[in-house]
Every structure is written in C-alpha cells, then in structure tokens.
Amino acid sequence: MTRRVGTDTSKFPGAAELGAIGTLERIAALGLEGAFFRSAFELSPTLDAGELSAVADAAADLDLYLEVGVAKVNPFATPEAPQIRALGEGDYLLGMARIIRAVTAVGISELWTATANYQFRIRGIYACDRFRTDVDWADQLAATAKVLDRLAPLLRETGAHLNIETHEEISSFEVVRLVEGAGPDAFGITFDTANVLVRGEDPIAAARRVAPYTRSTHVRDVALHRTDDGIGRFLAPVGRGVIDWDALLGELDRGGAISNLSIEGVIGMNAEMPLFVDDPRWWAAHPDLTRAEFSVVESLTADYEQRAGAGDVPSLAELRGPVDSRQALAFITDSAAGLRAALAARQPAIAG
C-alpha cells in the first residue's frame with residue numbers, strides 16, 4: 001500500500017496568517033502530500049460553499065489529500081465549543097449537521113472528531129476529563145454513543161465517516177467499542193500514535209486494536225520519562241522517540257487502514273501529559289488496561305531514560321523547554337523524513 005505523508009494544520013507554523021489555500025501551498029512546497037484541518041471554519045469561517053470549493057479545488061490542483069474536523073461529540077464537553085451551537089441556532093447537533101453537509105458537498109468525506117479536551121491550564125489529574133467527578137467517564141461514553149447514533153443517518157446519507165480520535169482522555173479499547181456500536185460504515189478512528197501512551201497503552205498493541213477501523217491519523221513519536229507525577233509523556237519527531245515504527249506500520253497494514261499519515265506537530269511546548277501511575281485513581285479509571293501491557297510502557301520509559309542519560313536524546317529538562325516556530329516546523333519536516341524512511345524500509349518486507 002502506498003501511504004501519503006501530510007500534516008495536521010492546527011500546529012503548522014503560520015497557518016492562521018497564511019489562510020487555508022496559503023497553508024496548502026506551503027505544505028506542498030515542503031514536499032508533503034496532504035492536509036488535515038482540525039476545523040471546517042479554517043476553510044471558511046461562514047462555511048460559504050464557494051470558499052469551501054476553492055479550498056477543495058486548490059488541494060486537488062496541488063495533488064494533496066484533504067481531511068477536515070467537525071466538532072466534539074461528548075455532550076459533556078460541547079459547552080467548550082459555543083460556535084457549533086451558535087451555527088445550529090442553539091441546536092448543537094444541527095450545527096454539526098450543517099458542517100457535515102457543507103464539507104461533504106465539496107467532496108471531503110473523512111471527518112475528524114474527539115470526545116473531550118485536555119486542560120493544560122490545570123495541573124493534576126483533573127486536567128483530563130476522564131477523571132471528572134461531576135460526571136463519571138462511563139456516563140460520558142454512554143452519552144457520546146447516543147450522539148453518534150443520532151449522527152449516523154446523516155453520515156450514511158452523505159457517504160462520510162466521522163473518525164473518533166484516540167484522544168488523550170479516551171482509551172483505544174473505548175474508541176473501538178464506540179465505532180463498533182455506532183457502525184463502521186459511518187464511523188472510523190483517527191489513530192493518534194502518541195495519545196494512546198497517555199492511557200498507559202503499548203502503541204503497537206493499540207495499533208493492532210484500532211487498525212481495522214482507522215481512516216485518519218495523527219502521527220508523532222513519544223518521549224517518556226519518570227517525573228514527580230509518575231511518568232511524563234512528551235512529543236518527539238518520528239524516529240526520535242520510543243515507538244517501533246516498523247511494527248506500528250505493520251499493524252496498520254495488516255488491519256487494512258487507509259493510506260494517509262498526517263503528522264501532528266507541536267506548538268510552544270512538547271505537550272507533557274502525566275500518567276499518574278502512582279495514584280490509585282488512575283488505575284481505577286483504566287479497567288481495560290492490563291499490567292502486562294503497561295509493563296511495555298515501563299520498559300519504554302526505562303529505555304528512553306537510559307538514552308537520555310547517555311546524551312542520545314533530549315533530557316527531561318530539555319523536553320520541558322519551550323519550542324519556537326523554527327523548531328515546530330522542523331518537528332514536522334523531520335517527522336516526515338523519519339516516517340518516509342520507515343515506510344521505505346518496509347518495502348522489501350511488503351514485497352516479500
């Protein structure tokens with residue numbers, strides 16, 4: 001399978017100033033092959049049909065794939081996206097439906113969604129919506145499943161797939177159950193290779209679970225280091241972290257996942273997210289996670305720390321340092337190079 005390497009635009013340096021078409025042109029100039037816009041409003045703030053068509057045409061002219069986000073589907077998180085409710089004149093689902101109809105009308109059918117947000121302004125376990133005490137995570141998942149059921153007829157009508165991200169608050173086990181429950185003919189998975197480690201999962205095992213339903217990706221590597229909170233997960237360019245890319249790509253191939261690989265970069269920081277593995281609340285919130293699978297994460301952490309001690313990879317202090325726009329762009333281009341090297345190395349095995 002030929003895989004195309006593109007980028008998510010939410011952390012692409014200068015995207016806001018360039019605008020959608022300017023961003024596409026810059027992406028193509030860097031030798032990338034596609035764009036994953038997190039919001040349809042980035043293509044047109046008013047969802048104007050002409051503006052959306054112009055962006056879709058520009059992507060086609062540049063031979064770039066084009067994927068777009070819709071909105072969050074966990075109703076306990078939707079108050080954080082008031083523009084979607086405003087679009088629906090008070091009806092959040094109507095707002096989502098209008099986005100879906102607008103983008104599918106110009107031929108965009110792989111659509112991103114997620115279930116919650118990570119609150120970087122909050123320090124501690126409650127930064128992640130999984131640990132909310134006003135509403136249990138199980139109740140959030142049940143409410144999300146009802147939203148998916150209500151969106152399914154429109155997705156089937158338009159021929160689109162709404163692809164739920166393995167976001168930092170949700171496990172790969174749970175995303176698979178949501179997709180299987182709502183129907184893989186209308187829903188898929190956006191596989192974020194780095195976020196599954198926040199939930200203590202072996203990235204290769206997670207890839208194996210999600211691959212049959214993966215239709216979009218957020219690709220980046222991971223650095224792991226013990227911290228006062230437990231284990232810190234940081235983002236790293238592809239090939240410079242702990243992920244075995246040959247194994248991960250192999251699982252995607254075996255699962256029949258589609259071909260686009262969208263690098264998600266960094267902005268301002270390497271996005272430290274703690275695994276509070278010394279806190280009983282953390283373990284209680286992960287009923288699917290086995291000690292055997294988590295032991296892989298422990299091993300990967302120890303390996304990274306050994307490499308950091310030898311000066312082969314950034315130290316904990318360096319990982320926590322700021323990231324400027326030059327470094328943010330290098331994260332994307334270095335990841336593209338690392339990913340293409342991993343893909344090229346797999347060709348003899350695939351041919352065999």
# chains A, B, ... in the order shown; residues from 1 in each chain; ligands from 1
>>> residues_around(residues="A:Leu148", least_positions_apart="5", cutoff="10 Å", atoms="only C-alpha atoms", output="list in words")
Val73, Asn74, Ala143, Pro153, Leu155, Leu162, Leu178, Val179, Gly181, Ala182, Gly183, Ala186 and Phe187 of chain A
>>> residues_around(residues="A:Leu300", least_positions_apart="5", cutoff="9 Å", atoms="only C-alpha atoms", output="CSV table (one decimal) with N, CA, C and O atoms, in the first residue's frame")
chain,number,residue,atom,x,y,z
A,223,ALA,N,8.4,10.7,23.8
A,223,ALA,CA,9.5,10.5,24.8
A,223,ALA,C,8.8,10.3,26.1
A,223,ALA,O,7.8,10.9,26.4
A,224,LEU,N,9.4,9.4,26.9
A,224,LEU,CA,8.8,9.0,28.2
A,224,LEU,C,9.9,9.2,29.3
A,224,LEU,O,11.0,8.7,29.1
A,242,VAL,N,10.2,6.5,21.3
A,242,VAL,CA,10.1,5.1,21.8
A,242,VAL,C,9.4,4.2,20.9
A,242,VAL,O,9.4,3.0,21.1
A,243,ILE,N,8.7,4.7,19.9
A,243,ILE,CA,7.8,3.9,19.1
A,243,ILE,C,8.6,3.1,18.0
A,243,ILE,O,9.5,3.6,17.3
A,295,SER,N,3.4,-2.9,31.4
A,295,SER,CA,4.8,-3.2,31.6
A,295,SER,C,5.6,-2.8,30.3
A,295,SER,O,6.8,-2.5,30.4
A,305,GLU,N,15.0,6.8,29.2
A,305,GLU,CA,15.8,7.4,30.3
A,305,GLU,C,17.3,7.0,30.1
A,305,GLU,O,18.2,7.9,30.3
>>> closest_atom_pairs(of="stretch 212-329 of chain A", to="stretch 2-24 of chain A", cutoff="8 Å", atoms="only C-alpha atoms", output="tab-separated table")
residue	atom	partner	partner_atom	distance
A:His218	CA	A:Asp8	CA	7.2
A:Ser259	CA	A:Arg3	CA	4.4
A:Asn260	CA	A:Arg4	CA	4.9
A:Leu261	CA	A:Val5	CA	4.9
A:Ser262	CA	A:Thr7	CA	4.3
A:Ile263	CA	A:Thr7	CA	4.4
A:Glu264	CA	A:Asp8	CA	5.0
A:Gly265	CA	A:Lys11	CA	5.4
A:Val266	CA	A:Lys11	CA	5.8
A:Ile267	CA	A:Lys11	CA	5.7
A:Ser325	CA	A:Pro13	CA	6.0
A:Ala328	CA	A:Pro13	CA	6.8
A:Leu329	CA	A:Pro13	CA	6.3
>>> write_last_selection(atoms="N, CA, C and O atoms", output="short mmCIF file (atom, residue, chain, number, x, y, z; two decimals), in the first residue's frame")
data_model
loop_
_atom_site.label_atom_id
_atom_site.label_comp_id
_atom_site.auth_asym_id
_atom_site.auth_seq_id
_atom_site.Cartn_x
_atom_site.Cartn_y
_atom_site.Cartn_z
N HIS A 218 -3.12 10.89 13.34
CA HIS A 218 -2.26 11.94 13.87
C HIS A 218 -0.97 11.22 14.26
O HIS A 218 -0.96 10.42 15.20
N SER A 259 -4.63 5.05 3.69
CA SER A 259 -3.24 5.35 3.38
C SER A 259 -2.69 6.66 3.92
O SER A 259 -1.47 6.85 3.91
N ASN A 260 -3.49 7.60 4.37
CA ASN A 260 -2.97 8.92 4.73
C ASN A 260 -2.38 8.94 6.13
O ASN A 260 -3.00 8.51 7.10
N LEU A 261 -1.17 9.50 6.23
CA LEU A 261 -0.48 9.63 7.51
C LEU A 261 -0.23 11.12 7.75
O LEU A 261 0.61 11.73 7.09
N SER A 262 -0.96 11.70 8.69
CA SER A 262 -0.90 13.13 8.94
C SER A 262 -0.09 13.41 10.21
O SER A 262 -0.49 13.01 11.31
N ILE A 263 1.03 14.08 10.05
CA ILE A 263 1.88 14.43 11.18
C ILE A 263 1.22 15.56 11.97
O ILE A 263 0.81 16.56 11.39
N GLU A 264 1.09 15.36 13.27
CA GLU A 264 0.64 16.45 14.14
C GLU A 264 1.85 16.98 14.88
O GLU A 264 2.54 16.23 15.58
N GLY A 265 2.09 18.25 14.76
CA GLY A 265 3.29 18.85 15.32
C GLY A 265 3.13 19.32 16.74
O GLY A 265 2.29 18.82 17.51
N VAL A 266 3.94 20.29 17.11
CA VAL A 266 3.94 20.86 18.45
C VAL A 266 3.83 22.37 18.33
O VAL A 266 4.18 22.96 17.31
N ILE A 267 3.35 22.99 19.38
CA ILE A 267 3.24 24.44 19.39
C ILE A 267 3.59 24.95 20.79
O ILE A 267 2.89 24.64 21.76
N SER A 325 8.90 28.63 16.71
CA SER A 325 8.28 28.31 15.42
C SER A 325 9.24 27.58 14.50
O SER A 325 8.82 26.70 13.72
N ALA A 328 9.19 24.09 15.65
CA ALA A 328 7.89 23.49 15.35
C ALA A 328 7.83 23.02 13.90
O ALA A 328 7.29 21.95 13.60
N LEU A 329 8.37 23.83 12.99
CA LEU A 329 8.39 23.42 11.59
C LEU A 329 9.34 22.24 11.39
O LEU A 329 9.03 21.29 10.65
#
>>> select_by_dssp(residues="stretch 124-281 of chain A", states="strand (DSSP E)", output="VMD selection string")
chain A and resid 161 to 165 187 to 192 214 to 218 221 to 227 230 to 236 260 to 263 273 to 275
>>> residues_around(residues="A:Arg130", least_positions_apart="6", cutoff="8 Å", atoms="only C-alpha atoms", output="mmCIF file with C-alpha atoms, in the first residue's frame")
data_model
loop_
_atom_site.group_PDB
_atom_site.id
_atom_site.type_symbol
_atom_site.label_atom_id
_atom_site.label_comp_id
_atom_site.auth_asym_id
_atom_site.auth_seq_id
_atom_site.Cartn_x
_atom_site.Cartn_y
_atom_site.Cartn_z
ATOM 1 C CA ASP A 136 -18.380 9.616 35.533
ATOM 2 C CA TRP A 137 -16.369 8.731 32.446
ATOM 3 C CA GLU A 169 -8.746 11.199 27.572
ATOM 4 C CA ILE A 170 -10.047 8.043 25.877
ATOM 5 C CA ALA A 285 -10.042 4.616 35.710
#
>>> residues_around(residues="A:Glu165", least_positions_apart="4", cutoff="9 Å", atoms="only C-alpha atoms", output="list in words")
Trp112, Thr113, Ala114, Thr115, Ile170, Ser172, Val175, Gly188, Ile189, Thr190, Phe191, Asp192, Ser216, Thr217 and His218 of chain A
>>> atom_distance(atom1="atom CA of A:Leu47", atom2="atom CA of A:Arg150")
22.2 Å
>>> residues_around(residues="A:Gly34", least_positions_apart="6", cutoff="6 Å", atoms="only C-alpha atoms", output="MDAnalysis selection string")
chainID A and resid 6 64:66
>>> closest_atom_pairs(of="stretch 57-78 of chain A", to="stretch 83-104 of chain A", cutoff="8 Å", atoms="only C-alpha atoms", output="CSV")
residue,atom,partner,partner_atom,distance
A:Val68,CA,A:Val103,CA,8.0
A:Val70,CA,A:Ile99,CA,6.4
A:Ala71,CA,A:Met96,CA,6.8
A:Thr78,CA,A:Tyr92,CA,7.9
>>> write_last_selection(atoms="N, CA, C and O atoms", output="PDB file, in the first residue's frame")
ATOM      1  N   VAL A  68     -10.876  17.012   7.168  1.00  0.00           N
ATOM      2  CA  VAL A  68     -11.374  18.164   7.940  1.00  0.00           C
ATOM      3  C   VAL A  68     -12.073  17.679   9.207  1.00  0.00           C
ATOM      4  O   VAL A  68     -12.709  16.615   9.220  1.00  0.00           O
ATOM      5  N   VAL A  70     -14.861  18.177  12.391  1.00  0.00           N
ATOM      6  CA  VAL A  70     -16.233  18.670  12.582  1.00  0.00           C
ATOM      7  C   VAL A  70     -16.341  19.325  13.960  1.00  0.00           C
ATOM      8  O   VAL A  70     -16.284  20.545  14.081  1.00  0.00           O
ATOM      9  N   ALA A  71     -16.499  18.544  15.010  1.00  0.00           N
ATOM     10  CA  ALA A  71     -16.644  19.081  16.366  1.00  0.00           C
ATOM     11  C   ALA A  71     -16.623  17.913  17.331  1.00  0.00           C
ATOM     12  O   ALA A  71     -16.704  16.750  16.931  1.00  0.00           O
ATOM     13  N   THR A  78     -19.239  19.661  24.978  1.00  0.00           N
ATOM     14  CA  THR A  78     -19.688  20.587  23.933  1.00  0.00           C
ATOM     15  C   THR A  78     -19.857  22.036  24.394  1.00  0.00           C
ATOM     16  O   THR A  78     -19.750  22.938  23.552  1.00  0.00           O
TER      17      THR A  78
END
>>> atom_distance(atom1="atom CA of A:Leu30", atom2="atom CA of A:Ala344")
18.9 Å
>>> atom_distance(atom1="atom CA of A:Arg291", atom2="atom CA of A:Phe276")
14.7 Å
>>> select_by_dssp(residues="stretch 189-268 of chain A", states="helix (DSSP H, G or I)", output="list in words")
Asn195, Val196, Leu197, Val198, Arg199, Pro203, Ile204, Ala205, Ala206, Ala207, Arg208, Arg209, Val210, Ala211, Pro212, Tyr213, Trp245, Asp246, Ala247, Leu248, Leu249, Gly250, Glu251, Leu252, Asp253, Arg254 and Gly255 of chain A
>>> write_last_selection(atoms="N, CA, C and O atoms", output="compact mmCIF listing (two decimals), in the first residue's frame")
# COMPACT_ATOMS: atom_id res chain seq x y z
N ASN A 195 -1.08 9.64 21.70
CA ASN A 195 -2.05 9.77 22.80
C ASN A 195 -2.31 8.46 23.51
O ASN A 195 -2.65 8.45 24.71
N VAL A 196 -2.20 7.34 22.81
CA VAL A 196 -2.51 6.06 23.47
C VAL A 196 -1.56 5.80 24.63
O VAL A 196 -1.90 5.12 25.60
N LEU A 197 -0.35 6.37 24.56
CA LEU A 197 0.59 6.18 25.66
C LEU A 197 0.18 6.94 26.91
O LEU A 197 0.54 6.57 28.03
N VAL A 198 -0.61 8.02 26.75
CA VAL A 198 -1.13 8.73 27.91
C VAL A 198 -2.05 7.83 28.73
O VAL A 198 -2.17 7.97 29.94
N ARG A 199 -2.69 6.90 28.07
CA ARG A 199 -3.56 5.96 28.75
C ARG A 199 -2.84 4.67 29.12
O ARG A 199 -3.47 3.66 29.42
N PRO A 203 1.89 1.20 22.25
CA PRO A 203 1.42 1.75 20.97
C PRO A 203 1.24 0.71 19.88
O PRO A 203 0.41 0.89 18.99
N ILE A 204 1.99 -0.38 19.95
CA ILE A 204 1.84 -1.43 18.93
C ILE A 204 0.55 -2.21 19.17
O ILE A 204 -0.20 -2.50 18.23
N ALA A 205 0.28 -2.55 20.41
CA ALA A 205 -0.97 -3.23 20.73
C ALA A 205 -2.16 -2.35 20.41
O ALA A 205 -3.20 -2.82 19.89
N ALA A 206 -2.05 -1.05 20.69
CA ALA A 206 -3.13 -0.12 20.36
C ALA A 206 -3.35 -0.06 18.85
O ALA A 206 -4.49 -0.05 18.38
N ALA A 207 -2.26 -0.02 18.09
CA ALA A 207 -2.38 -0.01 16.62
C ALA A 207 -3.11 -1.25 16.13
O ALA A 207 -3.95 -1.19 15.22
N ARG A 208 -2.80 -2.38 16.75
CA ARG A 208 -3.46 -3.63 16.36
C ARG A 208 -4.96 -3.55 16.63
O ARG A 208 -5.77 -4.01 15.82
N ARG A 209 -5.34 -2.93 17.74
CA ARG A 209 -6.77 -2.83 18.07
C ARG A 209 -7.52 -1.92 17.12
O ARG A 209 -8.63 -2.20 16.70
N VAL A 210 -6.91 -0.77 16.79
CA VAL A 210 -7.66 0.24 16.03
C VAL A 210 -7.53 0.10 14.53
O VAL A 210 -8.33 0.67 13.77
N ALA A 211 -6.54 -0.65 14.05
CA ALA A 211 -6.24 -0.67 12.61
C ALA A 211 -7.43 -1.02 11.72
O ALA A 211 -7.60 -0.40 10.66
N PRO A 212 -8.28 -1.97 12.09
CA PRO A 212 -9.39 -2.28 11.18
C PRO A 212 -10.35 -1.12 10.95
O PRO A 212 -11.09 -1.11 9.96
N TYR A 213 -10.34 -0.13 11.85
CA TYR A 213 -11.28 0.99 11.74
C TYR A 213 -10.58 2.33 11.50
O TYR A 213 -11.25 3.36 11.43
N TRP A 245 8.45 1.98 14.67
CA TRP A 245 7.63 2.37 13.53
C TRP A 245 7.41 1.24 12.55
O TRP A 245 6.35 1.17 11.91
N ASP A 246 8.36 0.35 12.40
CA ASP A 246 8.15 -0.78 11.52
C ASP A 246 7.00 -1.64 12.04
O ASP A 246 6.12 -2.05 11.28
N ALA A 247 7.01 -1.89 13.33
CA ALA A 247 5.95 -2.71 13.93
C ALA A 247 4.60 -2.01 13.85
O ALA A 247 3.57 -2.62 13.53
N LEU A 248 4.58 -0.71 14.14
CA LEU A 248 3.32 0.02 14.12
C LEU A 248 2.74 0.08 12.70
O LEU A 248 1.54 -0.18 12.49
N LEU A 249 3.57 0.40 11.73
CA LEU A 249 3.09 0.45 10.34
C LEU A 249 2.65 -0.93 9.87
O LEU A 249 1.69 -1.06 9.10
N GLY A 250 3.32 -1.95 10.36
CA GLY A 250 2.91 -3.32 10.03
C GLY A 250 1.52 -3.63 10.52
O GLY A 250 0.72 -4.28 9.82
N GLU A 251 1.20 -3.19 11.73
CA GLU A 251 -0.15 -3.42 12.27
C GLU A 251 -1.19 -2.67 11.44
O GLU A 251 -2.28 -3.20 11.18
N LEU A 252 -0.87 -1.45 11.03
CA LEU A 252 -1.82 -0.70 10.20
C LEU A 252 -2.03 -1.40 8.87
O LEU A 252 -3.15 -1.47 8.34
N ASP A 253 -0.94 -1.92 8.28
CA ASP A 253 -1.07 -2.65 7.02
C ASP A 253 -1.95 -3.88 7.18
O ASP A 253 -2.85 -4.14 6.37
N ARG A 254 -1.70 -4.65 8.23
CA ARG A 254 -2.47 -5.87 8.45
C ARG A 254 -3.93 -5.57 8.74
O ARG A 254 -4.81 -6.36 8.39
N GLY A 255 -4.19 -4.44 9.37
CA GLY A 255 -5.57 -4.09 9.69
C GLY A 255 -6.33 -3.48 8.55
O GLY A 255 -7.54 -3.25 8.67
